[in-house]
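Structure file input15.tsv (TSV, C-alpha atoms) follows.
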chain	number	residue	atom	x	y	z
U	17	VAL	CA	89.47	19.44	9.08
U	18	SER	CA	90.71	22.90	8.05
U	19	SER	CA	89.92	22.67	4.33
U	20	VAL	CA	88.29	20.38	1.81
U	21	ILE	CA	88.69	19.97	-1.93
U	22	ILE	CA	85.55	19.83	-4.06
U	23	ARG	CA	85.84	18.43	-7.56
U	24	ILE	CA	83.00	19.27	-9.94
U	25	ALA	CA	82.31	18.43	-13.58
U	26	GLN	CA	79.31	19.72	-15.49
U	27	TYR	CA	77.05	17.68	-17.73
U	28	LYS	CA	78.29	17.84	-21.33
U	29	ASP	CA	79.09	21.49	-22.19
U	30	ASN	CA	76.44	23.66	-20.55
U	31	ASP	CA	78.66	26.39	-19.02
U	32	THR	CA	77.35	25.58	-15.53
U	33	LYS	CA	77.72	28.17	-12.78
U	34	ILE	CA	77.76	27.35	-9.07
U	35	SER	CA	78.19	29.17	-5.77
U	36	ILE	CA	80.01	27.96	-2.65
U	37	ASN	CA	78.48	29.09	0.67
U	38	GLY	CA	76.62	31.92	-1.07
U	39	GLY	CA	79.77	33.39	-2.63
U	40	ASP	CA	80.41	34.68	-6.12
U	41	ALA	CA	79.50	32.65	-9.19
U	42	ILE	CA	82.09	30.07	-10.27
U	43	ASP	CA	82.18	28.81	-13.86
U	44	ILE	CA	82.32	25.03	-14.21
U	45	LYS	CA	83.41	24.61	-17.80
U	46	THR	CA	84.75	21.07	-17.57
U	47	PRO	CA	82.44	18.52	-19.23
U	48	SER	CA	81.95	15.31	-17.24
U	49	ASP	CA	82.60	13.12	-20.28
U	50	SER	CA	86.15	14.49	-20.60
U	51	GLY	CA	87.25	12.57	-17.50
U	52	SER	CA	88.46	15.75	-15.79
U	53	TYR	CA	86.96	18.27	-13.38
U	54	THR	CA	87.19	21.73	-11.85
U	55	GLU	CA	88.87	21.64	-8.42
U	56	ILE	CA	87.93	24.10	-5.68
U	57	THR	CA	89.52	24.34	-2.20
U	58	VAL	CA	87.12	25.48	0.55
U	59	ASP	CA	88.22	26.74	3.98
U	60	THR	CA	86.40	24.72	6.69
U	61	SER	CA	88.49	25.77	9.69
U	62	VAL	CA	85.52	27.69	11.15
U	63	ASP	CA	82.33	26.64	9.34
U	64	LYS	CA	82.10	22.86	9.09
U	65	THR	CA	79.39	22.99	6.41
U	66	VAL	CA	79.85	23.59	2.71
U	67	THR	CA	76.80	24.48	0.61
U	68	VAL	CA	77.13	24.07	-3.15
U	69	ALA	CA	74.26	25.70	-5.04
U	70	SER	CA	73.58	25.64	-8.76
U	71	LEU	CA	72.99	28.96	-10.52
U	72	SER	CA	71.90	27.14	-13.66
U	73	GLY	CA	69.79	24.23	-12.43
U	74	GLY	CA	72.38	21.52	-12.85
U	75	ILE	CA	72.76	20.01	-9.36
U	76	ARG	CA	70.08	17.55	-8.26
U	77	ALA	CA	69.66	18.05	-4.54
U	78	MET	CA	67.07	19.67	-2.33
U	79	ILE	CA	65.76	22.34	-4.66
U	80	ASN	CA	69.05	22.65	-6.56
U	81	SER	CA	71.49	22.90	-3.67
U	82	ILE	CA	73.38	20.48	-1.45
U	83	THR	CA	75.08	20.91	1.92
U	84	TYR	CA	78.03	18.82	3.06
U	85	VAL	CA	78.76	18.41	6.77
U	86	ILE	CA	82.52	18.11	7.16
U	87	GLU	CA	83.53	15.40	9.63
U	88	SER	CA	86.90	13.96	10.60
U	89	PRO	CA	87.15	10.48	9.05
U	90	ASP	CA	86.39	7.70	11.50
U	91	SER	CA	88.67	4.71	11.92
U	92	PRO	CA	87.22	1.26	12.53
U	93	GLY	CA	86.29	1.00	16.18
U	94	ASP	CA	86.36	4.78	16.79
U	95	SER	CA	82.58	5.02	17.25
U	96	ALA	CA	80.97	5.07	20.67
U	97	ASP	CA	81.19	1.89	22.70
U	98	HIS	CA	79.23	-0.85	20.97
U	99	GLU	CA	79.34	-4.56	20.32
U	100	CYS	CA	80.88	-4.84	16.88
U	101	LYS	CA	78.45	-7.06	14.94
U	102	LYS	CA	79.20	-7.91	11.37
U	103	SER	CA	76.50	-7.85	8.69
U	104	ASP	CA	76.08	-10.53	6.03
U	105	SER	CA	78.93	-9.01	4.04
U	106	GLY	CA	81.29	-8.97	7.03
U	107	TYR	CA	81.12	-5.26	7.92
U	108	CYS	CA	79.95	-3.60	11.13
U	109	ASN	CA	77.03	-1.23	10.61
U	110	VAL	CA	78.18	1.04	13.44
U	111	CYS	CA	81.88	1.60	12.91
U	112	GLU	CA	82.37	0.66	9.25
U	113	LEU	CA	79.20	1.22	7.17
U	114	THR	CA	76.02	3.12	8.10
U	115	ILE	CA	72.99	4.47	6.22
U	116	LYS	CA	73.34	7.81	7.91
U	117	SER	CA	71.26	10.30	5.95
U	118	ALA	CA	68.30	10.67	3.64
U	119	SER	CA	67.21	13.97	2.13
U	120	LEU	CA	64.00	14.79	0.29
U	121	ILE	CA	64.33	16.25	-3.18
U	122	LEU	CA	61.54	18.50	-4.39
U	123	GLY	CA	61.95	18.70	-8.13
U	124	GLU	CA	59.94	17.24	-10.99
U	125	ASN	CA	59.01	14.45	-8.59
U	126	LEU	CA	59.41	13.51	-4.95
U	127	SER	CA	62.65	11.59	-4.39
U	128	LEU	CA	64.75	10.51	-1.43
U	129	ARG	CA	68.53	10.70	-1.59
U	130	PHE	CA	70.09	8.09	0.69
U	131	GLY	CA	73.64	8.54	1.97
U	132	VAL	CA	75.76	5.58	3.10
U	133	LYS	CA	78.58	6.69	5.43
U	134	ILE	CA	81.83	4.84	4.75
U	135	HIS	CA	83.58	5.11	8.14
U	136	ASP	CA	86.48	2.91	7.08
U	137	LEU	CA	87.84	4.53	3.94
U	138	THR	CA	89.93	1.45	3.14
U	139	ILE	CA	86.77	-0.50	2.25
U	140	ASN	CA	86.52	-1.13	-1.49
U	141	THR	CA	83.03	0.03	-2.52
U	142	LEU	CA	83.48	-0.57	-6.25
U	143	GLY	CA	80.31	-2.16	-7.64
U	144	ALA	CA	78.18	-1.30	-4.59
U	145	TYR	CA	74.49	-0.62	-5.15
U	146	MET	CA	71.22	-0.19	-3.25
U	147	VAL	CA	67.98	-2.14	-3.40
U	148	PHE	CA	64.72	-0.46	-2.41
U	149	GLU	CA	61.45	-2.20	-1.55
U	150	PHE	CA	58.42	0.07	-1.96
U	151	ASN	CA	54.72	-0.72	-2.40
U	152	GLY	CA	55.40	-4.34	-3.25
U	153	GLU	CA	58.03	-3.54	-5.87
U	154	THR	CA	61.80	-3.93	-5.77
U	155	VAL	CA	63.99	-1.29	-7.39
U	156	THR	CA	67.76	-1.61	-7.83
U	157	VAL	CA	69.79	1.60	-8.07
U	158	THR	CA	73.38	1.27	-9.29
U	159	ASN	CA	74.14	4.93	-10.02
U	160	CYS	CA	75.67	6.78	-7.11
U	161	THR	CA	77.88	9.74	-6.26
U	162	ASP	CA	80.89	9.57	-3.93
U	163	GLU	CA	80.97	12.70	-1.78
U	164	ASN	CA	83.05	13.33	1.32
U	165	GLY	CA	83.04	9.77	2.60
U	166	TYR	CA	79.42	9.09	1.61
U	167	LEU	CA	77.92	7.13	-1.27
U	168	TYR	CA	74.62	8.72	-2.33
U	169	PHE	CA	71.82	6.84	-4.09
U	170	LEU	CA	68.62	8.42	-5.44
U	171	PHE	CA	65.26	6.69	-5.01
U	172	GLU	CA	62.88	8.48	-7.36
U	173	ASN	CA	59.22	8.73	-8.34
U	174	ILE	CA	57.38	8.77	-5.02
U	175	SER	CA	53.78	9.84	-5.59
U	176	PRO	CA	52.46	12.54	-3.24
U	177	ASP	CA	49.83	10.13	-1.87
U	178	GLN	CA	52.62	7.76	-0.76
U	179	MET	CA	54.35	9.94	1.83
U	180	THR	CA	53.56	7.44	4.59
U	181	SER	CA	54.36	4.34	2.53
U	182	PRO	CA	57.39	2.55	4.08
U	183	ILE	CA	60.61	2.25	2.11
U	184	ASN	CA	63.07	-0.54	2.92
U	185	ALA	CA	66.60	0.23	1.76
U	186	ALA	CA	69.55	-2.16	1.55
U	187	PHE	CA	73.14	-1.27	0.69
U	188	ILE	CA	74.74	-4.17	-1.20
U	189	LEU	CA	78.48	-4.66	-1.14
U	190	ASP	CA	80.28	-7.69	-2.62
U	191	GLY	CA	76.87	-9.09	-3.56
U	192	LYS	CA	75.67	-9.21	0.06
U	193	SER	CA	73.45	-6.95	2.17
U	194	SER	CA	75.73	-4.73	4.26
U	195	VAL	CA	73.34	-2.13	5.72
U	196	ARG	CA	69.54	-2.07	5.92
U	197	LEU	CA	67.10	0.70	6.77
U	198	GLU	CA	63.54	-0.48	7.39
U	199	GLY	CA	60.28	1.41	7.15
U	200	TYR	CA	61.58	4.86	6.22
U	201	THR	CA	59.01	7.36	4.89
U	202	VAL	CA	58.84	10.84	3.39
U	203	GLU	CA	56.77	11.88	6.41
U	204	ALA	CA	59.50	10.65	8.80
U	205	ASN	CA	62.13	12.54	6.81
U	206	LEU	CA	60.25	15.84	7.01
U	207	LEU	CA	59.35	15.51	10.69
U	208	GLY	CA	62.95	14.57	11.42
U	209	ILE	CA	64.28	17.92	10.19
U	210	TYR	CA	61.39	20.05	11.46
U	211	ASP	CA	62.82	21.14	14.83
U	212	LYS	CA	66.05	22.45	13.26
U	213	ALA	CA	64.33	24.16	10.34
U	214	ASP	CA	63.85	27.92	10.00
U	215	ASP	CA	60.36	29.36	9.59
U	216	THR	CA	60.39	29.20	5.79
U	217	LEU	CA	61.43	25.56	5.73
U	218	LYS	CA	58.92	24.72	8.47
U	219	GLN	CA	56.18	26.23	6.31
U	220	LEU	CA	57.34	24.12	3.37
U	221	ILE	CA	57.20	21.01	5.56
U	222	HIS	CA	53.64	21.90	6.67
U	223	ASP	CA	52.46	22.42	3.09
U	224	THR	CA	54.24	19.33	1.74
U	225	LEU	CA	52.58	17.08	4.33
U	226	ILE	CA	49.16	18.68	3.81
U	227	TYR	CA	49.61	18.13	0.07
U	228	GLY	CA	50.43	14.47	0.76
U	229	GLN	CA	47.34	13.93	2.89
U	230	THR	CA	44.95	15.65	0.44
U	231	ALA	CA	46.47	13.60	-2.42
U	232	LYS	CA	45.86	10.43	-0.41
U	233	GLU	CA	42.24	11.45	0.26
U	234	TYR	CA	41.73	12.20	-3.44
U	235	THR	CA	43.18	8.92	-4.75
U	236	GLY	CA	41.88	6.75	-1.92
U	237	ASN	CA	45.33	5.18	-1.51
U	238	ASP	CA	45.26	2.70	1.38
U	239	THR	CA	48.22	4.14	3.29
U	240	PRO	CA	48.39	5.53	6.85
U	241	ASP	CA	47.02	9.03	7.29
U	242	ILE	CA	49.27	12.01	7.91
U	243	ASP	CA	48.22	13.77	11.10
U	244	THR	CA	47.49	17.28	9.83
U	245	SER	CA	45.76	18.48	13.01
U	246	LYS	CA	48.77	20.61	13.97
U	247	LEU	CA	49.76	21.61	10.45
U	248	VAL	CA	48.92	25.07	9.14
U	249	GLY	CA	48.93	25.85	5.43
U	250	ASN	CA	50.40	29.12	4.23
U	251	GLY	CA	46.92	30.48	3.54
U	252	ILE	CA	47.73	31.64	0.00
U	253	SER	CA	45.00	31.06	-2.57
U	254	PRO	CA	45.05	31.40	-6.37
U	255	THR	CA	43.73	34.64	-7.86
U	256	VAL	CA	42.50	35.71	-11.27
U	257	SER	CA	46.08	36.68	-12.18
U	258	ASP	CA	46.86	32.93	-12.17
U	259	ALA	CA	44.12	32.13	-14.70
U	260	MET	CA	44.87	30.63	-18.10
U	261	THR	CA	44.54	32.72	-21.27
U	262	MET	CA	42.96	31.57	-24.53
U	263	GLN	CA	43.00	33.15	-27.99
U	264	GLY	CA	41.02	31.93	-30.97
U	265	ASN	CA	39.55	28.44	-30.54
U	266	GLU	CA	36.42	29.47	-32.45
U	267	ILE	CA	36.48	26.92	-35.29
U	268	GLN	CA	34.17	24.07	-34.28
U	269	SER	CA	35.78	21.47	-36.55
U	270	ILE	CA	39.26	21.76	-34.93
U	271	LYS	CA	39.53	23.13	-31.41
U	272	ILE	CA	40.95	22.70	-27.91
U	273	THR	CA	38.29	21.18	-25.66
U	274	SER	CA	40.11	21.12	-22.33
U	275	VAL	CA	43.47	21.38	-20.61
U	276	GLY	CA	44.52	20.10	-17.20
U	277	VAL	CA	47.10	18.54	-14.90
U	278	ARG	CA	47.94	14.86	-14.58
U	279	PHE	CA	48.74	13.76	-11.01
U	280	ASP	CA	51.28	10.97	-10.74
U	281	CYS	CA	54.93	10.67	-9.73
U	282	TYR	CA	55.36	13.72	-11.95
U	283	ASN	CA	53.02	16.70	-12.26
U	284	SER	CA	52.53	17.02	-16.00
U	285	TYR	CA	50.00	18.63	-18.35
U	286	TYR	CA	47.48	17.34	-20.84
U	287	VAL	CA	45.47	19.02	-23.58
U	288	LYS	CA	42.44	17.54	-25.32
U	289	ILE	CA	41.52	18.55	-28.84
U	290	TYR	CA	38.70	17.79	-31.29
U	291	ILE	CA	39.48	17.22	-34.97
U	292	ALA	CA	36.47	16.56	-37.20
U	293	ASP	CA	38.69	15.85	-40.22
U	294	THR	CA	42.35	14.91	-39.71
U	295	SER	CA	43.20	16.40	-43.10
U	296	LEU	CA	42.64	19.80	-41.48
U	297	PHE	CA	45.21	19.14	-38.74
U	298	ASP	CA	48.86	20.17	-38.86
U	299	SER	CA	50.29	20.07	-35.32
U	300	VAL	CA	50.19	21.05	-31.68
U	301	THR	CA	53.16	23.04	-30.43
U	302	VAL	CA	54.15	23.43	-26.76
U	303	ASP	CA	56.64	26.25	-26.25
U	304	GLY	CA	57.71	25.67	-29.83
U	305	ALA	CA	58.09	21.87	-29.62
U	306	ARG	CA	55.98	20.25	-32.35
U	307	TYR	CA	53.66	17.25	-31.83
U	308	GLY	CA	51.74	15.35	-34.50
U	309	LEU	CA	48.79	12.94	-34.37
U	310	SER	CA	51.17	10.01	-33.73
U	311	ASP	CA	52.26	11.69	-30.48
U	312	MET	CA	48.70	11.85	-29.15
U	313	ILE	CA	46.25	9.32	-27.74
U	314	SER	CA	43.11	8.79	-29.78
U	315	LEU	CA	40.03	8.88	-27.54
U	316	GLY	CA	37.62	8.09	-30.36
U	317	ASP	CA	34.98	10.17	-32.16
U	318	GLY	CA	37.56	12.72	-33.28
U	319	TYR	CA	38.98	13.48	-29.82
U	320	TYR	CA	42.70	13.31	-29.04
U	321	GLN	CA	44.77	13.85	-25.90
U	322	LEU	CA	48.41	14.93	-25.54
U	323	TYR	CA	50.47	14.63	-22.35
U	324	PHE	CA	53.52	16.83	-22.04
U	325	GLY	CA	55.98	18.40	-19.64
U	326	SER	CA	57.00	17.81	-16.04
U	327	VAL	CA	57.12	20.70	-13.63
U	328	ASP	CA	59.51	21.46	-10.75
U	329	ALA	CA	57.89	22.41	-7.46
U	330	THR	CA	59.46	25.86	-7.68
U	331	ASN	CA	58.04	26.55	-11.14
U	332	PHE	CA	54.31	26.10	-10.70
U	333	ASP	CA	53.74	29.68	-11.86
U	334	THR	CA	55.77	29.24	-15.06
U	335	ARG	CA	53.41	29.26	-18.04
U	336	VAL	CA	53.57	27.02	-21.07
U	337	THR	CA	52.21	28.18	-24.42
U	338	VAL	CA	50.13	25.67	-26.38
U	339	GLU	CA	49.16	26.33	-30.02
U	340	LEU	CA	46.76	24.26	-32.12
U	341	ASN	CA	47.63	24.53	-35.80
U	342	SER	CA	45.58	23.66	-38.84
U	343	LYS	CA	46.93	23.42	-42.37
U	344	SER	CA	45.98	27.09	-42.81
U	345	GLY	CA	47.57	28.41	-39.60
U	346	THR	CA	47.15	28.69	-35.82
U	347	VAL	CA	43.52	28.31	-34.76
U	348	ALA	CA	43.92	28.38	-30.96
U	349	LYS	CA	46.55	29.54	-28.50
U	350	LEU	CA	46.54	29.21	-24.71
U	351	THR	CA	48.92	29.81	-21.83
U	352	TYR	CA	48.72	27.52	-18.83
U	353	SER	CA	50.48	26.63	-15.57
U	354	ILE	CA	50.01	24.51	-12.46
U	355	ASN	CA	48.76	27.64	-10.71
U	356	ALA	CA	46.29	28.27	-13.54
U	357	TYR	CA	44.93	24.79	-12.97
U	358	ALA	CA	44.56	25.49	-9.25
U	359	TYR	CA	42.63	28.69	-10.01
U	360	GLU	CA	40.40	26.82	-12.47
U	361	MET	CA	39.56	24.18	-9.86
U	362	GLN	CA	38.77	26.75	-7.14
U	363	THR	CA	36.33	28.56	-9.44
U	364	SER	CA	34.82	25.42	-10.98
U	365	THR	CA	31.20	24.52	-10.30
U	366	GLU	CA	31.82	20.92	-11.35
U	367	ALA	CA	35.00	19.96	-9.46
U	368	SER	CA	34.50	17.80	-6.37
U	369	ALA	CA	35.48	19.01	-2.90
U	370	LYS	CA	38.40	16.55	-2.87
U	371	MET	CA	39.61	17.84	-6.23
U	372	LYS	CA	39.39	21.45	-5.01
U	373	ASN	CA	41.29	20.56	-1.84
U	374	LEU	CA	44.02	18.78	-3.78
U	375	ALA	CA	44.46	21.66	-6.25
U	376	LEU	CA	44.67	24.18	-3.39
U	377	ALA	CA	47.17	22.04	-1.46
U	378	LEU	CA	49.28	21.66	-4.62
U	379	TYR	CA	49.22	25.44	-5.13
U	380	ARG	CA	50.30	26.16	-1.55
U	381	TYR	CA	53.01	23.49	-1.68
U	382	GLY	CA	54.41	25.19	-4.78
U	383	LYS	CA	54.31	28.63	-3.16
U	384	SER	CA	56.19	27.37	-0.10
U	385	ALA	CA	58.77	25.55	-2.24
U	386	GLU	CA	59.31	28.74	-4.26
U	387	ALA	CA	59.66	30.82	-1.07
U	388	TYR	CA	62.23	28.42	0.37
U	389	TRP	CA	64.23	28.32	-2.85
U	390	ASN	CA	64.24	32.13	-3.00
U	391	GLU	CA	65.61	32.16	0.54
U	392	ILE	CA	68.48	29.72	0.02
U	393	LYS	CA	69.50	30.34	-3.58
U	394	PRO	CA	72.68	32.36	-3.98
U	395	GLN	CA	72.52	35.72	-5.67
U	396	ALA	CA	74.00	35.64	-9.16

What is this file in structure tokens?
Amino acid sequence: VSSVIIRIAQYKDNDTKISINGGDAIDIKTPSDSGSYTEITVDTSVDKTVTVASLSGGIRAMINSITYVIESPDSPGDSADHECKKSDSGYCNVCELTIKSASLILGENLSLRFGVKIHDLTINTLGAYMVFEFNGETVTVTNCTDENGYLYFLFENISPDQMTSPINAAFILDGKSSVRLEGYTVEANLLGIYDKADDTLKQLIHDTLIYGQTAKEYTGNDTPDIDTSKLVGNGISPTVSDAMTMQGNEIQSIKITSVGVRFDCYNSYYVKIYIADTSLFDSVTVDGARYGLSDMISLGDGYYQLYFGSVDATNFDTRVTVELNSKSGTVAKLTYSINAYAYEMQTSTEASAKMKNLALALYRYGKSAEAYWNEIKPQA
């Protein structure tokens, strides 16, 4: 294949910029809802890979970039010698349909992007979908992207303590199971790419798996352990420069009592406040976004809690600004980040050893993700 055509449409009208194979920025000004696209021809006569990277955060792939491996289309029966066995839907899983790839996405949450290779391009895949079985639940995913002979489906919201939990995936065509992948895990995905990874990516794999194991130990999730005996963290620890800042917060009748991180499928923040008299209260703002009492959870006795935000793995050092406002003005202002939380836990005299370990593993995971992104992102 000497060249390929890539067609790209941006979401709504965000003036998205991308880069192809690290080249100059390309404006993608065509909104996806217009039914049209920007068409780019890429020379693949020498390099059989095409890396599309977002310069404005718009492409959901492994840390905002995606690599296509250009292959000559297969014809039915062109695969290596095999006994052609049809699946329930009447297609062979070797020479016609195959779940051939899965890539881990490190964004606001851990996700796996499954690619179904369509060897026979005459097969009508309209209406195809995937069904995932995970932790006793069944999730159907109908949204997919069609890229270079693959259909890609995104399985989202994997908690860090579930990296060894098996995922069963089924590709459904014409209402019948066509391809199945049994017992796939985040751990298997990372170990599968380890030998071909460069040093920066290897470090990210180490720190991701260590993060998964420490999360499992913290939550007590009954899943298989990750063998961390040969894994080495990056050794980076939070410093005082990561610490939160606080201004005001001196009025006892309306004040911020604590701030922290909520661990779940998403890493998000929470802030707790005390309001002796709700007539004194006006709002809480987070980076300018306003929240009222109806947006918060009442904990009783004048205490309220607000959850907000979700943080990409590459942005753990990005600070949010939280302001507590009374009817007479701002009474408290703090800046906070995931890294600030990690520093707080390391210096705490009350945090448990498991909590300290988890916060440190989260911090190092973020540092490795940031280092890898800085290595692969194209220069604007």

Which residues are close to stretch 243-258 of chain U, i.e. within 6 Å by all atoms listed in the file, leaving aside same-chain residues fewer than 6 positions away? Reply as a PyMOL selection string. chain U and resi 222-223+355-356+359

Could you give me the axis-aligned bounding box of stretch 373-377 of chain U, with 8 Å of padding per side, as centre plus edge lengths in Å to one decimal, as lines of an AutoDock Vina configuration file?
center_x = 44.2
center_y = 21.5
center_z = -3.9
size_x = 21.9
size_y = 21.4
size_z = 20.8

Which neighbours of U:Tyr320 fall inside 10 Å, counting only C-alpha atoms, when residues of the same chain fewer than 4 positions from it are skipped, and could you give them as a PDB file with C-alpha atoms, keeping the file's coordinate frame?
ATOM      1  CA  ILE U 272      40.950  22.700 -27.910  1.00  0.00           C
ATOM      2  CA  THR U 273      38.290  21.180 -25.660  1.00  0.00           C
ATOM      3  CA  VAL U 287      45.470  19.020 -23.580  1.00  0.00           C
ATOM      4  CA  LYS U 288      42.440  17.540 -25.320  1.00  0.00           C
ATOM      5  CA  ILE U 289      41.520  18.550 -28.840  1.00  0.00           C
ATOM      6  CA  TYR U 290      38.700  17.790 -31.290  1.00  0.00           C
ATOM      7  CA  ILE U 291      39.480  17.220 -34.970  1.00  0.00           C
ATOM      8  CA  LEU U 309      48.790  12.940 -34.370  1.00  0.00           C
ATOM      9  CA  ASP U 311      52.260  11.690 -30.480  1.00  0.00           C
ATOM     10  CA  MET U 312      48.700  11.850 -29.150  1.00  0.00           C
ATOM     11  CA  ILE U 313      46.250   9.320 -27.740  1.00  0.00           C
ATOM     12  CA  SER U 314      43.110   8.790 -29.780  1.00  0.00           C
ATOM     13  CA  LEU U 315      40.030   8.880 -27.540  1.00  0.00           C
ATOM     14  CA  GLY U 316      37.620   8.090 -30.360  1.00  0.00           C
TER      15      GLY U 316
END

Selection near stretch 201-216 of chain U, 8 Å with only C-alpha atoms, sequence-local residues under 5 positions removed, as a ChimeraX atom specification: /U:118-120,128,179-183,221,225,242,384,387-388,391

Using Å and a single decimal, report how far atom CA of U:Gln362 sits from atom CA of U:Leu374.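 Interatomic distance, atom CA of U:Leu374 to atom CA of U:Gln362: 10.1 Å.
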
Long-range neighbours of stretch 158-163 of chain U as a PyMOL selection string, 10 Å cut-off, only C-alpha atoms, 6 positions minimum in chain: chain U and resi 22-23+84+129-134+141+143-147+169-170+188

Would you kindly identify which residues have an atom no farther than 8 Å from (76.4, 30.3, 1.6), using all atoms listed in the file and the file's own coordinates, and write them out as a PyMOL selection string? chain U and resi 35-39+66-68+394

Show me, as a CSV table (one decimal) with C-alpha atoms, keeping the file's coordinate frame, the residues that have an atom within 10 Å of U:Asp238 when counting only C-alpha atoms, minus same-chain residues fewer than 4 positions from it.
chain,number,residue,atom,x,y,z
U,177,ASP,CA,49.8,10.1,-1.9
U,178,GLN,CA,52.6,7.8,-0.8
U,181,SER,CA,54.4,4.3,2.5
U,232,LYS,CA,45.9,10.4,-0.4
U,233,GLU,CA,42.2,11.4,0.3

Taking all atoms listed in the file into account, which of U:Ile115, U:Ile44, U:Ala385, U:Val155 comes nearest U:Gln219?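 Looking at the shortest contact to U:Gln219, the residue is U:Ala385.
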
Could you produce a table of the residues of stretch 111-190 of chain U lying within 12 Å of stretch 278-283 of chain U, with the nearest pair of atoms per residue and their separation in Å rounded to one decimal, using all atoms listed in the file, ordered by chain and increasing residue number, as a tab-separated table?
residue	atom	partner	partner_atom	distance
U:Leu122	CA	U:Tyr282	CA	10.9
U:Gly123	CA	U:Tyr282	CA	9.1
U:Glu124	CA	U:Tyr282	CA	5.9
U:Asn125	CA	U:Tyr282	CA	5.0
U:Leu126	CA	U:Cys281	CA	7.1
U:Ser127	CA	U:Cys281	CA	9.4
U:Glu172	CA	U:Cys281	CA	8.6
U:Asn173	CA	U:Cys281	CA	4.9
U:Ile174	CA	U:Cys281	CA	5.6
U:Ser175	CA	U:Cys281	CA	4.4
U:Pro176	CA	U:Cys281	CA	7.2
U:Asp177	CA	U:Asp280	CA	9.0
U:Gln178	CA	U:Cys281	CA	9.7
U:Met179	CA	U:Cys281	CA	11.6

Please indicate the distance in Å from atom CA of U:Ser194 to atom CA of U:Ile139, rounded to one decimal place.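 Going from atom CA of U:Ser194 over to atom CA of U:Ile139 covers 12.0 Å.
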
Given the choices U:Phe187, U:Tyr234, U:Asp333, U:Glu149, which gets closest to U:Lys372 if the distance is worked out from only C-alpha atoms? U:Tyr234

Have a look at atom CA of U:Thr57 and atom CA of U:Thr138 and let me know their distance in Å, one decimal.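 Result for atom CA of U:Thr57 versus atom CA of U:Thr138: 23.5 Å, one decimal.
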
Which one is closest to U:Asn164: U:Ser19, U:Thr54, U:Asn237, U:Asn265? Count all atoms listed in the file.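 Closest candidate: U:Ser19.
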
Nearest candidate to U:Thr294 (options U:Lys343, U:Thr330, U:Lys370, U:Val336; using all atoms listed in the file):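 Selected residue with least distance to U:Thr294: U:Lys343.
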
U:Val275, U:Asp328, U:Lys383, U:Ser364: which is nearest U:Tyr352, counting all atoms listed in the file? U:Val275

Restricting the calculation to all atoms listed in the file: of U:Tyr286, U:Ala329, U:Thr235, U:Glu339, which residue gets closest to U:Ile270?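 The shortest atom-to-atom distance to U:Ile270 comes from U:Glu339.
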